[in-house]
$ cat entry.tsv   # TSV, C-alpha atoms
chain	number	residue	atom	x	y	z
Q	126	MET	CA	104.99	73.48	93.61
Q	127	ASN	CA	104.81	76.34	96.11
Q	128	SER	CA	107.93	78.01	94.71
Q	129	ILE	CA	107.64	80.59	91.95
Q	130	ARG	CA	110.88	79.37	90.36
Q	131	THR	CA	109.62	75.76	90.29
Q	132	ARG	CA	106.36	76.73	88.61
Q	133	ILE	CA	108.02	78.91	85.99
Q	134	LEU	CA	110.60	76.21	85.24
Q	135	PHE	CA	107.82	73.63	84.74
Q	136	PHE	CA	105.93	75.81	82.27
Q	137	PHE	CA	109.10	76.83	80.44
Q	138	THR	CA	110.06	73.20	80.01
Q	139	LEU	CA	106.71	72.38	78.38
Q	140	PHE	CA	106.91	75.44	76.24
Q	141	GLY	CA	110.47	74.54	75.17
Q	142	LEU	CA	109.22	71.30	73.67
Q	143	ALA	CA	107.10	73.33	71.24
Q	144	ALA	CA	109.47	76.17	70.54
Q	145	GLY	CA	112.92	76.83	72.01
Q	146	LEU	CA	112.73	80.46	71.03
Q	147	ALA	CA	109.52	81.00	72.98
Q	148	VAL	CA	111.15	79.51	76.07
Q	149	PHE	CA	114.17	81.77	75.73
Q	150	MET	CA	112.21	85.00	75.25
Q	151	THR	CA	109.66	84.25	77.97
Q	152	SER	CA	112.40	83.26	80.39
Q	153	TRP	CA	114.28	86.45	79.68
Q	154	SER	CA	111.15	88.55	80.23
Q	155	SER	CA	110.32	86.76	83.47
Q	156	ASN	CA	113.86	87.19	84.77
Q	157	ASP	CA	113.66	90.89	83.92
Q	158	MET	CA	110.50	91.20	86.03
Q	159	GLY	CA	112.14	89.15	88.78
Q	160	ARG	CA	115.13	91.47	88.87
Q	161	ALA	CA	112.88	94.53	89.11
Q	162	ALA	CA	110.81	92.94	91.90
Q	163	ASP	CA	113.95	91.74	93.69
Q	164	LYS	CA	115.37	95.26	93.56
Q	165	ILE	CA	112.21	96.58	95.20
Q	166	VAL	CA	112.44	93.90	97.89
Q	167	THR	CA	116.17	93.98	98.62
Q	168	GLU	CA	116.83	97.72	98.25
Q	169	HIS	CA	113.77	99.95	98.43
Q	170	LEU	CA	111.67	98.29	101.14
Q	171	PRO	CA	114.58	98.02	103.64
Q	172	MET	CA	115.48	101.64	102.84
Q	173	VAL	CA	111.92	102.89	103.42
Q	174	HIS	CA	111.65	100.83	106.62
Q	175	ALA	CA	114.96	102.14	107.99
Q	176	LEU	CA	113.98	105.75	107.17
Q	177	GLY	CA	110.70	105.25	109.02
Q	178	GLN	CA	112.51	103.85	112.04
Q	179	MET	CA	114.89	106.83	112.00
Q	180	GLN	CA	111.90	109.18	112.21
Q	181	VAL	CA	110.35	107.17	115.04
Q	182	ALA	CA	113.64	107.19	116.99
Q	183	LEU	CA	114.06	110.96	116.48
Q	184	ASN	CA	110.55	111.70	117.73
Q	185	ARG	CA	111.11	109.50	120.78
Q	186	GLN	CA	114.38	111.28	121.53
Q	187	SER	CA	112.61	114.63	121.38
Q	188	ASN	CA	109.82	113.32	123.61
Q	189	SER	CA	112.38	112.00	126.12
Q	190	VAL	CA	114.04	115.43	126.34
Q	191	PHE	CA	110.71	117.13	126.89
Q	192	GLN	CA	109.60	114.58	129.48
Q	193	PHE	CA	112.86	114.89	131.42
Q	194	VAL	CA	112.65	118.67	131.43
Q	195	SER	CA	109.03	118.41	132.62
Q	196	THR	CA	109.41	115.64	135.23
Q	197	ARG	CA	113.17	115.42	136.03
Q	198	ASP	CA	112.67	111.63	135.98
Q	199	ARG	CA	116.00	110.03	135.08
Q	200	VAL	CA	114.28	107.18	133.28
Q	201	TRP	CA	113.84	109.59	130.36
Q	202	LEU	CA	117.65	109.91	130.17
Q	203	ASP	CA	117.84	106.15	129.57
Q	204	ASN	CA	115.08	106.40	126.97
Q	205	PHE	CA	116.96	109.24	125.26
Q	206	GLU	CA	120.15	107.16	124.97
Q	207	LYS	CA	118.26	104.05	123.81
Q	208	GLU	CA	116.50	105.93	121.02
Q	209	ARG	CA	119.76	107.64	120.08
Q	210	GLN	CA	121.38	104.23	119.55
Q	211	LYS	CA	118.39	103.11	117.47
Q	212	PHE	CA	118.69	106.18	115.26
Q	213	LEU	CA	122.41	105.56	114.69
Q	214	LYS	CA	121.74	101.88	113.92
Q	215	TYR	CA	119.15	102.65	111.25
Q	216	TYR	CA	121.24	105.53	109.94
Q	217	GLU	CA	124.05	103.03	109.24
Q	218	GLU	CA	121.56	100.77	107.41
Q	219	VAL	CA	120.36	103.67	105.26
Q	220	LEU	CA	123.95	104.73	104.57
Q	221	GLU	CA	124.77	101.21	103.30
Q	222	LEU	CA	121.66	101.19	101.07
Q	223	ALA	CA	122.29	104.67	99.61
Q	224	GLN	CA	122.86	104.36	95.85
Q	225	ASP	CA	123.78	107.75	94.45
Q	226	SER	CA	125.58	110.91	95.42
Q	227	LEU	CA	122.33	112.84	96.00
Q	228	GLU	CA	121.20	110.41	98.72
Q	229	GLN	CA	124.68	110.31	100.22
Q	230	GLY	CA	124.81	114.11	100.29
Q	231	LYS	CA	121.50	114.35	102.13
Q	232	LEU	CA	122.66	111.67	104.57
Q	233	ALA	CA	125.80	113.71	105.25
Q	234	GLU	CA	123.58	116.72	106.03
Q	235	ILE	CA	121.47	114.52	108.34
Q	236	GLN	CA	124.61	113.33	110.12
Q	237	GLN	CA	125.82	116.90	110.78
Q	238	LEU	CA	122.39	118.10	111.87
Q	239	PHE	CA	122.00	115.09	114.15
Q	240	LEU	CA	125.38	115.76	115.77
Q	241	ASP	CA	124.27	119.35	116.44
Q	242	TYR	CA	120.86	118.17	117.64
Q	243	ASP	CA	122.42	115.49	119.87
Q	244	ASN	CA	124.86	117.96	121.42
Q	245	GLY	CA	122.12	120.54	121.95
Q	246	SER	CA	119.77	117.95	123.50
Q	247	ARG	CA	122.49	116.80	125.88
Q	248	GLN	CA	123.11	120.43	126.86
Q	249	ILE	CA	119.40	120.78	127.64
Q	250	LEU	CA	119.46	117.62	129.76
Q	251	LEU	CA	122.58	118.79	131.64
Q	252	THR	CA	121.27	122.29	132.36
Q	253	ALA	CA	117.55	121.51	132.79
Q	254	ASN	CA	117.79	121.87	136.56
Q	255	SER	CA	119.59	125.21	136.52
Q	256	LYS	CA	117.72	127.29	133.94
Q	257	ASN	CA	114.67	127.46	131.70
Q	258	PRO	CA	115.49	125.46	128.53
Q	259	ARG	CA	112.59	126.64	126.36
Q	260	SER	CA	114.68	128.57	123.86
Q	261	GLN	CA	117.11	125.66	123.59
Q	262	ILE	CA	114.24	123.22	123.06
Q	263	LYS	CA	112.91	125.47	120.28
Q	264	ALA	CA	116.32	125.49	118.57
Q	265	GLU	CA	116.63	121.72	118.78
Q	266	SER	CA	113.07	121.33	117.51
Q	267	ASP	CA	114.03	123.36	114.41
Q	268	ARG	CA	117.01	121.06	113.82
Q	269	LEU	CA	114.73	118.06	114.26
Q	270	ASP	CA	112.33	119.45	111.63
Q	271	LYS	CA	115.24	119.86	109.18
Q	272	ILE	CA	116.33	116.26	109.75
Q	273	GLN	CA	112.75	115.03	109.25
Q	274	SER	CA	112.54	117.05	106.02
Q	275	LEU	CA	115.76	115.49	104.67
Q	276	ILE	CA	114.51	111.99	105.55
Q	277	ASP	CA	111.27	112.72	103.67
Q	278	GLN	CA	113.28	113.89	100.66
Q	279	ILE	CA	115.24	110.63	100.57
Q	280	ALA	CA	111.98	108.67	100.88
Q	281	ASN	CA	110.59	110.63	97.91
Q	282	LEU	CA	113.68	109.74	95.87
Q	283	ARG	CA	113.04	106.06	96.63
Q	284	GLN	CA	109.44	106.53	95.61
Q	285	GLY	CA	110.59	107.73	92.20
Q	286	MET	CA	112.89	104.71	91.82
Q	287	THR	CA	109.98	102.41	92.69
Q	288	ILE	CA	107.82	104.03	89.99
Q	289	VAL	CA	110.58	103.43	87.42
Q	290	LEU	CA	110.81	99.75	88.41
Q	291	GLU	CA	107.03	99.48	88.25
Q	292	GLN	CA	107.07	100.80	84.71
Q	293	SER	CA	109.80	98.30	83.84
Q	294	ILE	CA	107.65	95.45	85.13
Q	295	HIS	CA	104.58	96.67	83.21
Q	296	ASN	CA	106.66	97.07	80.02
Q	297	THR	CA	107.93	93.51	80.37
Q	298	ILE	CA	104.38	92.20	80.80
Q	299	HIS	CA	103.34	94.16	77.72
Q	300	ARG	CA	106.16	92.59	75.66
Q	301	ASN	CA	105.05	89.14	76.80
Q	302	ARG	CA	101.51	89.82	75.60
Q	303	LEU	CA	102.70	91.11	72.20
Q	304	PHE	CA	104.90	88.06	71.76
Q	305	ALA	CA	102.00	85.75	72.61
Q	306	PHE	CA	99.74	87.57	70.12
Q	307	TYR	CA	102.12	87.25	67.15
Q	308	PHE	CA	103.43	83.77	67.87
Q	309	PRO	CA	102.36	80.98	65.44
Q	310	ILE	CA	98.98	79.41	66.08
Q	311	ILE	CA	100.51	76.03	66.84
Q	312	ILE	CA	101.97	77.31	70.09
Q	313	PHE	CA	99.31	79.95	70.71
Q	314	GLY	CA	97.62	77.68	73.22
Q	315	PHE	CA	100.84	77.50	75.24
Q	316	PHE	CA	100.98	81.28	75.34
Q	317	VAL	CA	97.38	81.52	76.54
Q	318	LEU	CA	98.09	79.06	79.36
Q	319	LEU	CA	101.30	80.82	80.26
Q	320	ALA	CA	99.65	84.28	80.22
Q	321	VAL	CA	96.84	83.09	82.50
Q	322	TYR	CA	99.36	81.47	84.83
Q	323	LEU	CA	101.60	84.54	84.97
Q	324	PHE	CA	98.66	86.86	85.61
Q	325	LYS	CA	97.31	84.73	88.43
Q	326	ASN	CA	100.57	83.81	90.13
Q	327	LEU	CA	102.98	86.62	89.24
Q	328	VAL	CA	101.42	89.70	87.60
Q	329	ARG	CA	98.53	90.11	90.04
Q	330	PRO	CA	100.71	89.51	93.15
Q	331	LEU	CA	103.34	91.92	91.84
Q	332	THR	CA	100.67	94.53	91.09
Q	333	LEU	CA	99.29	94.19	94.61
Q	334	LEU	CA	102.80	94.46	96.05
Q	335	ILE	CA	103.61	97.54	93.97
Q	336	ASP	CA	100.32	99.22	94.89
Q	337	GLY	CA	101.03	98.52	98.57
Q	338	ILE	CA	104.58	99.86	98.28
Q	339	ARG	CA	103.33	102.97	96.45
Q	340	ASP	CA	100.74	103.65	99.16
Q	341	PHE	CA	103.41	103.13	101.82
Q	342	THR	CA	105.87	105.51	100.17
Q	343	HIS	CA	103.04	108.08	99.84
Q	344	GLY	CA	102.78	108.20	103.61
Q	345	GLN	CA	100.05	105.66	104.41
Q	346	ALA	CA	101.37	103.81	107.47
Q	347	ASP	CA	98.62	101.20	107.92
Q	348	VAL	CA	98.86	99.49	104.51
Q	349	ARG	CA	97.58	95.91	104.10
Q	350	ILE	CA	98.25	93.77	101.00
Q	351	PRO	CA	95.71	90.95	100.44
Q	352	SER	CA	96.96	87.36	100.58
Q	353	ILE	CA	98.66	86.41	97.30
Q	354	GLY	CA	99.70	82.81	97.98
Q	355	LYS	CA	102.25	80.79	99.88
Q	356	ASP	CA	105.27	81.25	97.62
Q	357	GLU	CA	108.09	83.78	97.83
Q	358	LEU	CA	105.77	86.68	96.94
Q	359	GLY	CA	103.37	85.47	99.62
Q	360	GLU	CA	106.22	85.54	102.14
Q	361	LEU	CA	107.08	89.06	100.99
Q	362	GLN	CA	103.42	90.10	101.37
Q	363	GLU	CA	103.32	88.76	104.93
Q	364	ALA	CA	106.61	90.46	105.80
Q	365	PHE	CA	105.38	93.77	104.33
Q	366	ASN	CA	102.09	93.59	106.27
Q	367	GLU	CA	103.94	92.83	109.50
Q	368	MET	CA	106.27	95.77	108.96
Q	369	SER	CA	103.30	98.04	108.20
Q	370	ARG	CA	101.50	96.91	111.35
Q	371	GLU	CA	104.54	97.56	113.53
Q	372	ILE	CA	105.14	101.06	112.13
Q	373	SER	CA	101.43	101.94	112.42
Q	374	SER	CA	101.35	100.71	116.01
Q	375	GLU	CA	104.52	102.63	116.90
Q	376	ARG	CA	103.17	105.84	115.36
Q	377	LYS	CA	99.88	105.55	117.24
Q	378	LYS	CA	101.70	104.79	120.48
Q	379	LEU	CA	104.10	107.69	119.93
Q	380	LYS	CA	101.23	110.08	119.20
Q	381	THR	CA	99.46	109.04	122.42
Q	382	GLU	CA	102.64	109.32	124.49
Q	383	SER	CA	103.53	112.69	123.01
Q	384	GLN	CA	100.30	114.37	124.11
Q	385	SER	CA	99.29	112.64	127.36
Q	386	ASP	CA	100.53	112.64	130.95
Q	387	PRO	CA	101.64	109.10	131.91
Q	388	LEU	CA	100.30	109.25	135.48
Q	389	THR	CA	96.85	110.81	135.12
Q	390	GLY	CA	96.09	110.17	131.44
Q	391	LEU	CA	95.28	113.87	130.98
Q	392	PHE	CA	96.82	115.96	128.22
Q	393	ASN	CA	100.38	117.08	128.89
Q	394	MET	CA	101.64	120.66	128.71
Q	395	ARG	CA	103.08	120.30	125.24
Q	396	TYR	CA	99.67	119.44	123.80
Q	397	PHE	CA	97.89	121.96	126.05
Q	398	ARG	CA	100.05	124.89	124.98
Q	399	ARG	CA	99.52	124.03	121.32
Q	400	GLN	CA	95.74	123.96	121.83
Q	401	LEU	CA	95.87	127.16	123.89
Q	402	VAL	CA	97.50	129.03	121.01
Q	403	ASP	CA	94.86	127.77	118.54
Q	404	GLU	CA	91.89	128.48	120.83
Q	405	PHE	CA	93.15	131.94	121.81
Q	406	SER	CA	93.66	132.83	118.16
Q	407	ARG	CA	90.13	131.67	117.36
Q	408	SER	CA	88.67	133.64	120.28
Q	409	GLN	CA	90.48	136.78	119.13
Q	410	ARG	CA	89.36	136.31	115.51
Q	411	TYR	CA	85.66	135.87	116.33
Q	412	SER	CA	85.57	137.91	119.58
Q	413	HIS	CA	84.41	134.89	121.57
Q	414	PRO	CA	85.08	134.49	125.31
Q	415	MET	CA	87.32	131.84	126.80
Q	416	THR	CA	88.48	131.06	130.34
Q	417	LEU	CA	91.37	129.17	131.90
Q	418	LEU	CA	91.27	127.52	135.34
Q	419	MET	CA	94.52	126.83	137.16
Q	420	ILE	CA	94.08	124.32	139.97
Q	421	ASP	CA	96.54	123.47	142.74
Q	422	VAL	CA	96.15	120.81	145.48
Q	423	ASP	CA	96.54	122.46	148.89
Q	424	TYR	CA	99.30	121.20	151.20
Q	425	PHE	CA	100.09	118.36	148.83
Q	426	LYS	CA	103.69	118.10	150.02
Q	427	ASN	CA	102.45	117.56	153.55
Q	428	TYR	CA	100.18	114.77	152.29
Q	429	ASN	CA	103.06	113.08	150.44
Q	430	ASP	CA	105.38	113.37	153.43
Q	431	ARG	CA	102.85	111.73	155.73
Q	432	ASN	CA	101.38	109.05	153.45
Q	433	GLY	CA	104.01	108.44	150.78
Q	434	HIS	CA	104.17	109.23	147.08
Q	435	PRO	CA	102.05	106.21	145.97
Q	436	ALA	CA	99.15	107.61	147.99
Q	437	GLY	CA	99.82	111.03	146.47
Q	438	ASP	CA	99.67	109.51	142.99
Q	439	ILE	CA	96.25	108.04	143.81
Q	440	VAL	CA	95.02	111.50	144.84
Q	441	LEU	CA	96.25	113.02	141.57
Q	442	LYS	CA	94.54	110.30	139.54
Q	443	GLU	CA	91.28	110.75	141.45
Q	444	ILE	CA	91.38	114.52	140.96
Q	445	ALA	CA	92.02	114.00	137.24
Q	446	ARG	CA	88.88	111.84	137.03
Q	447	ILE	CA	86.85	114.44	138.93
Q	448	LEU	CA	87.99	117.18	136.55
Q	449	ILE	CA	87.04	115.14	133.47
Q	450	ARG	CA	83.59	114.36	134.90
Q	451	ASN	CA	82.84	118.02	135.63
Q	452	VAL	CA	83.71	119.61	132.29
Q	453	ARG	CA	82.41	119.39	128.74
Q	454	GLY	CA	83.81	117.14	126.06
Q	455	THR	CA	85.12	120.20	124.19
Q	456	ASP	CA	87.05	121.48	127.23
Q	457	ILE	CA	90.76	120.68	127.51
Q	458	VAL	CA	92.07	119.30	130.80
Q	459	ALA	CA	95.83	118.96	131.30
Q	460	ARG	CA	98.32	118.31	134.05
Q	461	TYR	CA	100.38	121.47	134.47
Q	462	GLY	CA	103.05	119.74	136.56
Q	463	GLY	CA	103.35	118.27	140.03
Q	464	GLU	CA	100.03	118.82	141.81
Q	465	GLU	CA	98.82	121.55	139.42
Q	466	PHE	CA	96.19	121.16	136.70
Q	467	VAL	CA	94.78	123.50	134.07
Q	468	ILE	CA	91.41	123.51	132.30
Q	469	LEU	CA	90.78	125.48	129.11
Q	470	LEU	CA	87.11	126.41	128.67
Q	471	PRO	CA	86.43	127.68	125.11
Q	472	GLU	CA	83.29	129.76	124.49
Q	473	THR	CA	82.96	130.32	128.27
Q	474	PRO	CA	82.65	133.75	129.93
Q	475	LEU	CA	84.01	134.50	133.40
Q	476	ASP	CA	80.75	134.07	135.33
Q	477	SER	CA	80.06	130.62	133.85
Q	478	ALA	CA	83.65	129.54	134.49
Q	479	THR	CA	83.33	130.66	138.11
Q	480	HIS	CA	80.40	128.29	138.56
Q	481	VAL	CA	82.41	125.46	137.02
Q	482	ALA	CA	85.37	126.23	139.30
Q	483	GLU	CA	83.20	126.27	142.41
Q	484	LYS	CA	81.57	122.98	141.40
Q	485	ILE	CA	85.00	121.37	140.98
Q	486	ARG	CA	86.29	122.82	144.26
Q	487	LYS	CA	83.27	121.58	146.20
Q	488	THR	CA	83.31	118.12	144.56
Q	489	ILE	CA	86.97	117.61	145.47
Q	490	GLU	CA	86.43	118.87	148.99
Q	491	GLU	CA	83.59	116.35	149.52
Q	492	HIS	CA	85.34	113.44	147.80
Q	493	HIS	CA	86.55	110.56	149.95
Q	494	PHE	CA	90.31	110.37	149.34
Q	495	PRO	CA	92.49	107.83	151.17
Q	496	PHE	CA	94.12	109.25	154.33
Q	497	LYS	CA	92.33	112.58	153.86
Q	498	GLU	CA	92.08	112.87	157.65
Q	499	THR	CA	95.83	113.58	157.75
Q	500	GLN	CA	95.22	116.94	156.04
Q	501	ALA	CA	94.20	120.17	157.70
Q	502	GLY	CA	90.47	120.09	158.43
Q	503	GLY	CA	90.32	116.37	157.65
Q	504	LYS	CA	89.85	116.87	153.92
Q	505	ILE	CA	91.76	117.44	150.71
Q	506	THR	CA	91.08	120.78	149.06
Q	507	VAL	CA	92.22	122.73	146.02
Q	508	SER	CA	92.77	126.39	145.24
Q	509	ILE	CA	91.69	127.67	141.82
Q	510	GLY	CA	92.85	130.71	139.89
Q	511	ILE	CA	90.85	132.02	136.92
Q	512	GLY	CA	92.04	133.90	133.87
Q	513	SER	CA	89.50	135.08	131.31
Q	514	TYR	CA	89.39	136.65	127.85
Q	515	PRO	CA	88.40	139.27	126.80
Q	516	ASP	CA	90.37	141.23	129.37
Q	517	THR	CA	92.53	144.30	128.82
Q	518	SER	CA	95.45	142.62	130.60
Q	519	VAL	CA	95.26	139.46	128.48
Q	520	THR	CA	96.66	139.70	124.96
Q	521	SER	CA	97.94	136.18	124.39
Q	522	GLY	CA	97.62	132.58	125.55
Q	523	GLN	CA	100.62	133.10	127.83
Q	524	GLY	CA	98.92	136.17	129.25
Q	525	LEU	CA	95.88	134.06	130.04
Q	526	ILE	CA	98.09	131.60	131.96
Q	527	GLU	CA	99.74	134.45	133.87
Q	528	SER	CA	96.34	135.92	134.76
Q	529	ALA	CA	95.12	132.55	136.10
Q	530	ASP	CA	98.39	132.09	137.95
Q	531	LYS	CA	97.92	135.43	139.72
Q	532	GLY	CA	94.41	134.37	140.67
Q	533	LEU	CA	95.77	131.11	142.05
Q	534	TYR	CA	98.32	133.00	144.10
Q	535	SER	CA	95.54	135.13	145.59
Q	536	ALA	CA	93.45	132.03	146.30
Q	537	LYS	CA	96.37	130.44	148.08
Q	538	LYS	CA	96.82	133.52	150.31
$ encode --input "entry.tsv" --output "structure tokens"
Amino acid sequence: MNSIRTRILFFFTLFGLAAGLAVFMTSWSSNDMGRAADKIVTEHLPMVHALGQMQVALNRQSNSVFQFVSTRDRVWLDNFEKERQKFLKYYEEVLELAQDSLEQGKLAEIQQLFLDYDNGSRQILLTANSKNPRSQIKAESDRLDKIQSLIDQIANLRQGMTIVLEQSIHNTIHRNRLFAFYFPIIIFGFFVLLAVYLFKNLVRPLTLLIDGIRDFTHGQADVRIPSIGKDELGELQEAFNEMSREISSERKKLKTESQSDPLTGLFNMRYFRRQLVDEFSRSQRYSHPMTLLMIDVDYFKNYNDRNGHPAGDIVLKEIARILIRNVRGTDIVARYGGEEFVILLPETPLDSATHVAEKIRKTIEEHHFPFKETQAGGKITVSIGIGSYPDTSVTSGQGLIESADKGLYSAKK
């Protein structure tokens, strides 16, 4: 008797022997709860899941555009198209599940915004080699935020529908209890048995499911519903937990990919620039010093030409490890692009940063890299430019980068 329908039918049959009316009313109430639960399962959960997948696909598209602009690696073009197809697939699912004109209107807005975003992203990809796409990326990022906002609004609508269905289920349970209380004493025992059975095998599982769904619709990605049996609700619980695990894993993976460089494991420029703005604002507010180191591997093209790009990748990874070992845990190390790195040193004046830079330069110069003898002087070296705040020429995070870049240029000369 692992099926909910089989169990309910068995109890209703026994109860019908004592009172046909009790069977009818209890069956009606149970079917009412079943319809509410089935509506949650067949309409709201797939809708919430598809909306979540749309958001994941959008974020991956945006990341693919940024990565292509940063690396010019054509694999990101394939990723962009793959995530675009995923978005359209889940958009079609959401469109089929949309129930009222309000949802359909928001979906129409999403469709138009996505067309604009898709066209703009393709324009960025086509012109990335010929001009600086930052302003275009900012415009497409604004469109992406609007799409995300509309998706959240639809999810909130579904949350409200779920609350209504929850209330319907609780009202039905309440009617069952009132009926059991006022029913004649002869069949009171049947009601007690039925109430205990429903609470253990239906009410409690449904409550757990509804609580899990509510937490999920409130934005908690890693929701786990305890085991509630091996019947249909148990299958639903397992399916819900699996879906929650997948979405949580995808979000964590996306967060890691969106802020790290795939080759060295350091922070990427998108994350670095965001942190630079925050740290510079904090330094200005409290009049605290901060310094930025810009590091470039000398004659790296010559090394790649002689030893191949795989060997060059090893050098970049080794340098990344050296940088991490020679800074504090609060410092921010990022790959600036190609063979360039940047280190943000909060709460660090110029003289202290100079010592750090010299320590890094000397450590790299003395490190045993593969094929280092092919370089000038038989060793791999770096040049380091330093930009520091406070400085009359530095008024922003971008100004700090420009100051360090000028220092690097001088070091190179």
$ atom_distance --input "entry.tsv" --atom1 "atom CA of Val173 of chain Q" --atom2 "atom CA of Glu221 of chain Q"
13.0 Å
$ residues_around --input "entry.tsv" --residues "Arg268 of chain Q" --least-positions-apart "5" --cutoff "9 Å" --atoms "all atoms listed in the file" --output "list of chain:residue names"
Q:Leu238, Q:Phe239, Q:Asp241, Q:Tyr242, Q:Lys263, Q:Gln273
$ residues_around --input "entry.tsv" --residues "Gln523 of chain Q" --least-positions-apart "6" --cutoff "9 Å" --atoms "all atoms listed in the file" --output "count of residues only"
3
$ atom_distance --input "entry.tsv" --atom1 "atom CA of Gln236 of chain Q" --atom2 "atom CA of Leu250 of chain Q"
20.8 Å
$ residues_around --input "entry.tsv" --residues "Leu470 of chain Q" --least-positions-apart "4" --cutoff "8 Å" --atoms "only C-alpha atoms" --output "PDB file with C-alpha atoms, in the coordinates of the input"
ATOM      1  CA  MET Q 415      87.320 131.840 126.800  1.00  0.00           C
ATOM      2  CA  THR Q 416      88.480 131.060 130.340  1.00  0.00           C
ATOM      3  CA  LEU Q 417      91.370 129.170 131.900  1.00  0.00           C
ATOM      4  CA  LEU Q 418      91.270 127.520 135.340  1.00  0.00           C
ATOM      5  CA  THR Q 455      85.120 120.200 124.190  1.00  0.00           C
ATOM      6  CA  ASP Q 456      87.050 121.480 127.230  1.00  0.00           C
ATOM      7  CA  ILE Q 457      90.760 120.680 127.510  1.00  0.00           C
ATOM      8  CA  ALA Q 478      83.650 129.540 134.490  1.00  0.00           C
TER       9      ALA Q 478
END
$ residues_around --input "entry.tsv" --residues "Leu222 of chain Q" --least-positions-apart "3" --cutoff "12 Å" --atoms "all atoms listed in the file" --output "list in words"
Lys164, Thr167, Glu168, His169, Leu170, Pro171, Met172, Val173, His174, Ala175, Leu176, Tyr215, Tyr216, Glu217, Glu218, Val219, Asp225, Ser226, Glu228, Gln229, Leu232, Ile279 and Arg283 of chain Q
$ atom_distance --input "entry.tsv" --atom1 "atom CA of Asp277 of chain Q" --atom2 "atom CA of Asp340 of chain Q"
14.6 Å
$ residues_near_point --input "entry.tsv" --point "(99.0, 123.1, 122.2)" --cutoff "12 Å" --atoms "only C-alpha atoms" --output "list in words"
Ser383, Gln384, Ser385, Phe392, Asn393, Met394, Arg395, Tyr396, Phe397, Arg398, Arg399, Gln400, Leu401, Val402, Asp403, Glu404, Phe405, Ser406, Ile457, Val458, Ala459, Leu469, Gly522 and Gln523 of chain Q
$ residues_around --input "entry.tsv" --residues "Pro474 of chain Q" --least-positions-apart "5" --cutoff "9 Å" --atoms "all atoms listed in the file" --output "PyMOL selection string"
chain Q and resi 413-416+479+513-515
$ closest_residue --input "entry.tsv" --among "Q:Glu483, Q:Glu367, Q:Glu490, Q:Asp438" --to "Asp423 of chain Q" --atoms "only C-alpha atoms"
Q:Glu490
$ closest_residue --input "entry.tsv" --among "Q:Gly512, Q:Gly503, Q:Pro435, Q:Pro495" --to "Thr473 of chain Q" --atoms "only C-alpha atoms"
Q:Gly512
$ closest_residue --input "entry.tsv" --among "Q:Ile511, Q:Leu448, Q:Leu227, Q:Ile468" --to "Ile485 of chain Q" --atoms "all atoms listed in the file"
Q:Leu448
$ closest_residue --input "entry.tsv" --among "Q:Asp421, Q:Glu234, Q:Asp198, Q:Glu265" --to "Asn184 of chain Q" --atoms "all atoms listed in the file"
Q:Glu265
$ residues_near_point --input "entry.tsv" --point "(118.0, 101.7, 121.5)" --cutoff "12 Å" --atoms "all atoms listed in the file" --output "ChimeraX atom specification"
/Q:178-179,181-183,185-186,202-215
$ closest_residue --input "entry.tsv" --among "Q:Glu363, Q:Pro387, Q:Lys497, Q:His480" --to "Asn429 of chain Q" --atoms "only C-alpha atoms"
Q:Lys497
